[in-house]
Each structure stands twice: as structure tokens, then as C-alpha cells.
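Inspection log for the structure reproduced underneath, given as C-alpha cells.
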Amino acid sequence: MTSKTAIVKVIYFSQAKQLNLKLRLNLVTTGLLLLLMMAGIALGFHNARMNALAEIASAEKSTLYLFDSAIIGASASEPKKIDFSVFKLQQLSHMRHLRIELVDNNNRLLDSNRTTGENKFTNEAPAWFESVLNKTMPRWQPKVRNFSYNNQLLAKLIITPDPTYEYAEIWKQITDLMVLLAMFFFCVNLMIAWTITQALQPTDTILSALDEIEKGHLDTRLPMFQLPELARIGQKFNRMIETLQQSILQNHKLTQQLMTLQEAERKSLARDLHDEFGQYLTAINTDANVVLKHAKTKYPELHDSALAITQLSRHLIDLVSGLLQRLRPSVLDELGLVVALQDLVDTWAARYNNIAFTLDISNVIDLDKETLGEAESVVLYRLVQECLTNISRHAEATLVDINVSTQLKPNKQGVTVKIQDNGKGFNPSKTDGLGLPGMRERVEGLAGEFEIESSSNKGTTVSAWIPLRL
């Protein structure tokens with residue numbers, strides 16, 4: 001039983017640790033996807049920034065080329081004939097990357113590509129985003145083209161790169177990318193979580209099997225799992241339980257054989273004590289009484305010796321009688337378990353007046369030797385005897401209740417014995433003696449169940465169930 005419990009605890013602990021596998025995999029997956037999202041956002045930000053720089057630079061270069069051509073043509077004319085309206089800067093309102101302004105020599109605005117009203121551009125990028133981009137973008141310097149004649153400045157064309165529109169485009173690209181990555185993150189995480197849940201679903205079956213084995217149901221087996229890794233675990237598990245079951249059955253058989261040999265040896269020893277020592281001691285006691293009777297009148301000097309022999313022989317007779325009762329109570333063989341238990345409790349009650357004993361055996365009064373065999377009767381009798389011995393030596397109890405009844409376990413009828421006291425209790429996991437552990441082996445050797453419940457100052461309850469031979 002000890003080896004079975006240890007193996008179950010080891011397997012159960014391993015499975016308990018594996019229960020966190022789902023959470024760990026989800027966390028790892030979430031972390032990787034977050035890193036992927038961050039990398040994607042950073043890459044998108046970098047690409048958008050580089051594209052914005054290239055687009056602004058290209059637009060600036062193209063515009064400067066066109067205006068330089070126009071300026072050259074305009075400079076060849078007379079000052080009074082220069083018509084600045086030919087630039088028609090309002091028609092260049094689509095060039096939002098550049099702010100183009102035409103000013104006179106007094107810096108008064110003559111024309112601009114920036115429009116007002118319904119077509120005014122609305123920047124959707126937040127201020128903090130623009131601030132970050134401004135720190136990463138180069139400082140754009142305006143390009144100035146002068147209109148002059150004979151070294152006289154007539155007007156200036158100021159072209160200033162304006163990345164505001166590109167900022168809005170970058171912001172839109174990043175937000176779209178974030179939405180796409182968020183959807184990807186959700187779908188992938190959901191798919192992985194579902195896959196992991198389906199893959200680890202057999203762990204519930206494994207845990208249920210472990211619970212059944214912990215309860216002592218060694219016939220429990222795991223099904224054949226579809227997942228190859230779990231399939232191998234299931235096969236190893238079933239083989240281990242089969243080996244454990246065979247080992248426990250073999251131990252039970254050995255325990256039964258030892259119990260049979262032990263009881264046979266006790267019976268033989270009890271018979272020898274009764275037939276040899278008992279008869280001889282009885283003869284010695286009888287002869288000593290005869291000598292004592294005649295010594296009073298004829299041999300006074302032998303009186304004390306005869307009296308001593310009588311007392312010693314009586315003491316030895318009582319001692320042998322007690323040994324016979326402990327080795328093999330004759331009442332158990334002659335009158336059965338019920339009468340033997342009643343006689344045992346009566347003997348202890350007479351010996352310990354400070355302890356109140358109660359015995360309830362009404363539910364098993366009809367048991368016979370065919371349903372409750374000799375081995376079962378002896379084990380139940382020895383269990384009560386061992387418990388009473390421990391109570392008298394260690395428990396300091398004032399009340400002992402013994403209940404014997406029939407109880408139906410799964411598809412099996414059996415006898416239950418419960419011994420309960422109100423003593424000081426003890427720690428069942430720290431039993432130094434061989435009494436109760438030996439009784440556990442005896443009970444489980446008969447395919448029974450044994451349980452001890454005890455705690456400090458709350459008494460002790462010892463329960464055993466042994467199947468009947470039906």
C-alpha cells in the first residue's frame with residue numbers, strides 16, 4: 001500500500017505541474033505575438049518614415065526644377081511686364097507635402113498653394129505622434145527662389161517642405177497595421193489556445209484515473225489517446241498499474257500465507273501449552289495442595305514450601321491461560337467471532353474499571369463460518385485486541401466504542417469494524433510500533449480496507465472493512 005501511494009503521489013504531482021502547461025504556452029505565444037506586433041509596427045514606422053522622406057524630397061526637387069525654369073523665363077522680361085499670376089499656385093493645392101508661397105519684396109503674400117474652406121486638410125495624427133516624428137525627421141529648410149531684375153528684388157518664391165500630410169499617412173498606415181496585427185494576434189492566440197486545450201484534454205482523463213487509483217481501484221486503465229505523446233504515456237501508465245496491481249496481489253497472497261502460517265503456529269503452540277504445560281501445572285498444583293493439606297498436621301516444616309509451590313503453580317496456570325488467550329482464544333474457534341469479541345471486551349472491561357466499553361454487534365449476529373472464514377475472523381479479532389491494547393497503554397481514554405456491522409461496498413458485501421476512543425490521539429503518519437501497520441497488512445492481505453483517523457486531544461478512530469465469502 002505504501003508503494004502504491006508513493007507512485008500515485010509522484011504521478012499526480014507530475015500531472016499537477018503539467019496543468020500549468022496550457023497557461024505557459026499561452027503566455028509564450030502571447031509574448032511572441034506581442035514581439036511580432038512591436039517589430040511589425042517598428043518596421044512599418046521605419047518604412048513609412050523613409051517613404052515620407054523620399055516622397056517629400058522628390059516632390060521638393062521636382063517643384064524646384066519647374067519653378068526654376070519659370071523663374072528663368074520670367075527674369076528675362078521687363079519688371080513691369082512680369083505677371084506673377086501665371087504660377088497659379090492655388091492649382092497646386094494637391095501638393096500637400098510642400099508649402100509654396102509667393103511674396104513681394106516687402107514679404108507680402110501674393111499667392112499660395114494652401115487653400116481654405118472645405119478643402120482644408122485635417123490632420124488625424126495626434127500631437128504626440130507628430131512630436132515623435134519631428135524628433136526623428138530632419139529639419140526641413142525652406143528653399144527660396146528670387147525674382148530680380150538688374151539686381152533689384154521683385155518677389156520671392158518660398159518652398160517649404162511640410163510633412164504634416166505624411167505624418168497623417170504614416171499614422172493611418174500604422175493604425176491600419178495595428179488593427180491587422182491585433183486581429184491576427186487574436187485569431188492566432190485563439191487558435192493556439194483551442195489547439196492546446198484539445199491536445200491537453202486527455203489530462204482530465206489521466207487525473208480521473210489517478211484519483212481512482214488513489215482510492216484503491218487498481219482496475220482503472222487509461223484509453224488509447226490519439227496524440228502520440230499521450231498515447232505513449234497511457235501505455236506506460238497502464239503497464240505500470242498492471243505491474244503494481246500484480247505486485248500488490250502477490251503481496252496480499254504472501255500476507256495471507258504468512259497469516260495462515262502464523263495462526264497455525266499459534267494454534268500449535270497454544271495446543272502444546274494447553275496439553276503439556278497446562279496439564280503438568282494443574283497436576284503440580286493438585287499435588288502441592290495435597291502436600292499443603294497434610295503438612296498442616298504431619299509435616300509442619302513443609303507447610304511454607306507447599307504453600308509457595310501452590311501459589312507459584314496457580315500463578316503459572318493463570319499466566320499460561322493468558323498466553324493461550326492471546327495466542328489462540330478457544331472461544332473464537334468454538335463459539336465464533338461474535339461471542340469471542342464479547343468475551344474479549346468483557347475481559348478488558350473487568351481489567352480496566354476506569355474505561356467505559358461499549359460493543360455493538362447486533363448487525364452481524366447471523367454470520368457463520370461459511371460467510372466469514374477463519375482468516376477473516378482471526379484478523380477482526382486481532383484488530384480489536386490490538387486496538388484495546390494500544391488504548392490501555394497510550395490513549396488515556398475514558399470511553400471506548402466498538403461497532404461491528406455489515407457494509408456493502410461496490411458489488412461486495414463485507415464486515416466493518418470501527419473502534420473509537422476519546423483519548424489524547426496521535427499522528428497516524430508517525431507510528432513507531434508494528435501493531436497497527438501489521439494490522440493494515442493483515443486487512444489489506446484479505447482484500448480489505450484499513451483507515452486510521454486521529455489528531456491531538458481528539459481521540460482515535462480505527463476502521464477496517466473485510467469482504468465476506470458470498
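Order determines the names: the first chain of the C-alpha cells is A, the second B, and so forth; residues in each chain are numbered 1 upward, and ligands are numbered 1 upward as they are shown.
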query: So which residues of segment 304-423 of chain A fall under strand (DSSP E or B) by DSSP, listed as number ranges by chain?
result: A: 356-360, 399-409, 412-421
task: Could you please write out, as a PyMOL selection string, every residue of segment 121-275 of chain A that DSSP assigns to helix (DSSP H, G or I)?
output: chain A and resi 127-136+164-200+202-214+228-275
I need the residues from that last selection saved to file as a compact mmCIF listing (two decimals), in the first residue's frame (with C-alpha atoms), if you can.
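What landed in result_34.txt:
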```
# COMPACT_ATOMS: atom_id res chain seq x y z
CA ALA A 127 0.14 65.70 -31.39
CA TRP A 128 2.39 63.26 -29.51
CA PHE A 129 2.88 61.26 -32.70
CA GLU A 130 3.92 64.35 -34.62
CA SER A 131 6.27 65.26 -31.79
CA VAL A 132 7.96 61.85 -32.03
CA LEU A 133 8.29 62.11 -35.80
CA ASN A 134 9.65 65.64 -35.63
CA LYS A 135 12.43 64.31 -33.42
CA THR A 136 13.29 61.59 -35.90
CA THR A 164 2.13 67.10 -41.83
CA TYR A 165 0.30 65.25 -44.56
CA GLU A 166 2.92 62.48 -44.49
CA TYR A 167 2.52 62.27 -40.73
CA ALA A 168 -1.17 61.64 -41.23
CA GLU A 169 -0.42 58.97 -43.82
CA ILE A 170 2.12 57.31 -41.52
CA TRP A 171 -0.35 57.39 -38.65
CA LYS A 172 -3.04 55.83 -40.83
CA GLN A 173 -0.67 53.13 -42.06
CA ILE A 174 0.42 52.31 -38.51
CA THR A 175 -3.13 52.24 -37.14
CA ASP A 176 -4.25 50.02 -40.01
CA LEU A 177 -1.25 47.77 -39.37
CA MET A 178 -2.06 47.67 -35.64
CA VAL A 179 -5.66 46.69 -36.36
CA LEU A 180 -4.49 43.98 -38.74
CA LEU A 181 -1.91 42.69 -36.25
CA ALA A 182 -4.45 42.80 -33.44
CA MET A 183 -6.86 40.69 -35.47
CA PHE A 184 -4.01 38.35 -36.36
CA PHE A 185 -2.94 38.22 -32.70
CA PHE A 186 -6.46 37.42 -31.53
CA CYS A 187 -7.10 34.77 -34.17
CA VAL A 188 -3.72 33.05 -33.73
CA ASN A 189 -3.93 33.14 -29.94
CA LEU A 190 -7.47 31.79 -30.05
CA MET A 191 -6.44 29.03 -32.45
CA ILE A 192 -3.40 28.06 -30.36
CA ALA A 193 -5.44 28.10 -27.15
CA TRP A 194 -8.06 25.87 -28.76
CA THR A 195 -5.37 23.53 -30.09
CA ILE A 196 -3.65 23.31 -26.71
CA THR A 197 -6.97 22.74 -24.95
CA GLN A 198 -7.83 19.91 -27.32
CA ALA A 199 -4.34 18.42 -27.01
CA LEU A 200 -4.35 18.54 -23.20
CA PRO A 202 -6.87 13.88 -22.04
CA THR A 203 -5.13 15.14 -18.87
CA ASP A 204 -8.58 15.25 -17.24
CA THR A 205 -8.91 11.56 -18.00
CA ILE A 206 -5.45 10.93 -16.57
CA LEU A 207 -6.30 12.85 -13.39
CA SER A 208 -9.56 10.92 -13.00
CA ALA A 209 -7.64 7.67 -13.38
CA LEU A 210 -5.14 8.82 -10.74
CA ASP A 211 -7.98 9.67 -8.37
CA GLU A 212 -9.45 6.20 -8.84
CA ILE A 213 -6.07 4.56 -8.22
CA GLU A 214 -5.58 6.69 -5.10
CA PRO A 228 1.29 10.09 -29.95
CA GLU A 229 2.96 11.58 -26.87
CA LEU A 230 -0.07 10.99 -24.67
CA ALA A 231 -0.59 7.56 -26.23
CA ARG A 232 2.87 6.51 -25.01
CA ILE A 233 2.12 7.96 -21.59
CA GLY A 234 -1.14 6.00 -21.47
CA GLN A 235 0.61 2.76 -22.43
CA LYS A 236 3.33 3.25 -19.82
CA PHE A 237 0.71 4.19 -17.24
CA ASN A 238 -1.36 1.06 -17.88
CA ARG A 239 1.72 -1.16 -17.76
CA MET A 240 2.84 0.43 -14.52
CA ILE A 241 -0.59 -0.05 -12.91
CA GLU A 242 -0.70 -3.65 -14.12
CA THR A 243 2.72 -4.25 -12.57
CA LEU A 244 1.65 -2.50 -9.38
CA GLN A 245 -1.56 -4.49 -9.25
CA GLN A 246 0.27 -7.76 -9.71
CA SER A 247 2.79 -6.76 -7.05
CA ILE A 248 0.06 -5.86 -4.58
CA LEU A 249 -1.85 -9.07 -5.32
CA GLN A 250 1.34 -11.03 -4.82
CA ASN A 251 1.95 -9.21 -1.54
CA HIS A 252 -1.60 -10.00 -0.47
CA LYS A 253 -1.06 -13.66 -1.24
CA LEU A 254 2.18 -13.66 0.71
CA THR A 255 0.45 -11.88 3.59
CA GLN A 256 -2.34 -14.45 3.59
CA GLN A 257 0.21 -17.26 3.58
CA LEU A 258 2.12 -15.64 6.43
CA MET A 259 -1.10 -15.13 8.35
CA THR A 260 -2.08 -18.76 7.80
CA LEU A 261 1.34 -19.98 8.91
CA GLN A 262 1.36 -17.63 11.87
CA GLU A 263 -2.09 -18.70 13.05
CA ALA A 264 -1.21 -22.36 12.50
CA GLU A 265 1.96 -21.87 14.56
CA ARG A 266 0.00 -20.08 17.25
CA LYS A 267 -2.61 -22.79 17.26
CA SER A 268 0.07 -25.48 17.56
CA LEU A 269 1.84 -23.57 20.33
CA ALA A 270 -1.42 -23.00 22.16
CA ARG A 271 -2.26 -26.67 21.90
CA ASP A 272 1.15 -27.64 23.29
CA LEU A 273 0.82 -25.15 26.13
CA HIS A 274 -2.66 -26.41 26.94
CA ASP A 275 -1.94 -30.12 26.61
```
field: Non-local contacts of Ile419 of chain A (6 Å; only C-alpha atoms; under 5 positions in same chain excluded) as a PyMOL selection string
entry: chain A and resi 401-402+461-462
Keeping C-alpha atoms, export the residues of the selection given above as a compact mmCIF listing (two decimals), in the first residue's frame.
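Done, and the output landed in again.txt:
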```txt
# COMPACT_ATOMS: atom_id res chain seq x y z
CA ASP A 401 -16.87 2.38 21.49
CA ILE A 402 -16.66 -0.74 19.30
CA THR A 461 -10.88 6.02 15.19
CA VAL A 462 -9.64 2.79 13.61
```
message: Between atom CA of Phe277 of chain A and atom CA of Leu323 of chain A, what is the distance in Å, rounded to a tenth?
response: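 A separation of 11.4 Å between them.
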Determine, for each residue of segment 258-344 of chain A having at least one atom at most 12 Å from an atom of segment 380-391 of chain A, the closest pair of atoms and their separation in Å to one decimal, counting only C-alpha atoms; order by chain and ascending number, as a Markdown table.
```
| residue | atom | partner | partner_atom | distance |
| --- | --- | --- | --- | --- |
| A:Met259 | CA | A:Arg382 | CA | 11.4 |
| A:Glu263 | CA | A:Arg382 | CA | 10.9 |
| A:Gln325 | CA | A:Gln385 | CA | 10.7 |
| A:Arg326 | CA | A:Gln385 | CA | 8.7 |
| A:Leu327 | CA | A:Arg382 | CA | 10.0 |
| A:Arg328 | CA | A:Arg382 | CA | 10.0 |
| A:Pro329 | CA | A:Tyr381 | CA | 9.5 |
| A:Val331 | CA | A:Tyr381 | CA | 11.1 |
| A:Leu332 | CA | A:Tyr381 | CA | 8.4 |
| A:Asp333 | CA | A:Tyr381 | CA | 11.4 |
| A:Gly336 | CA | A:Tyr381 | CA | 10.2 |
| A:Leu337 | CA | A:Tyr381 | CA | 7.0 |
| A:Val338 | CA | A:Tyr381 | CA | 9.3 |
| A:Val339 | CA | A:Tyr381 | CA | 10.6 |
| A:Ala340 | CA | A:Tyr381 | CA | 7.6 |
| A:Leu341 | CA | A:Tyr381 | CA | 6.6 |
| A:Gln342 | CA | A:Tyr381 | CA | 10.4 |
| A:Asp343 | CA | A:Tyr381 | CA | 10.9 |
| A:Leu344 | CA | A:Gln385 | CA | 7.5 |
```
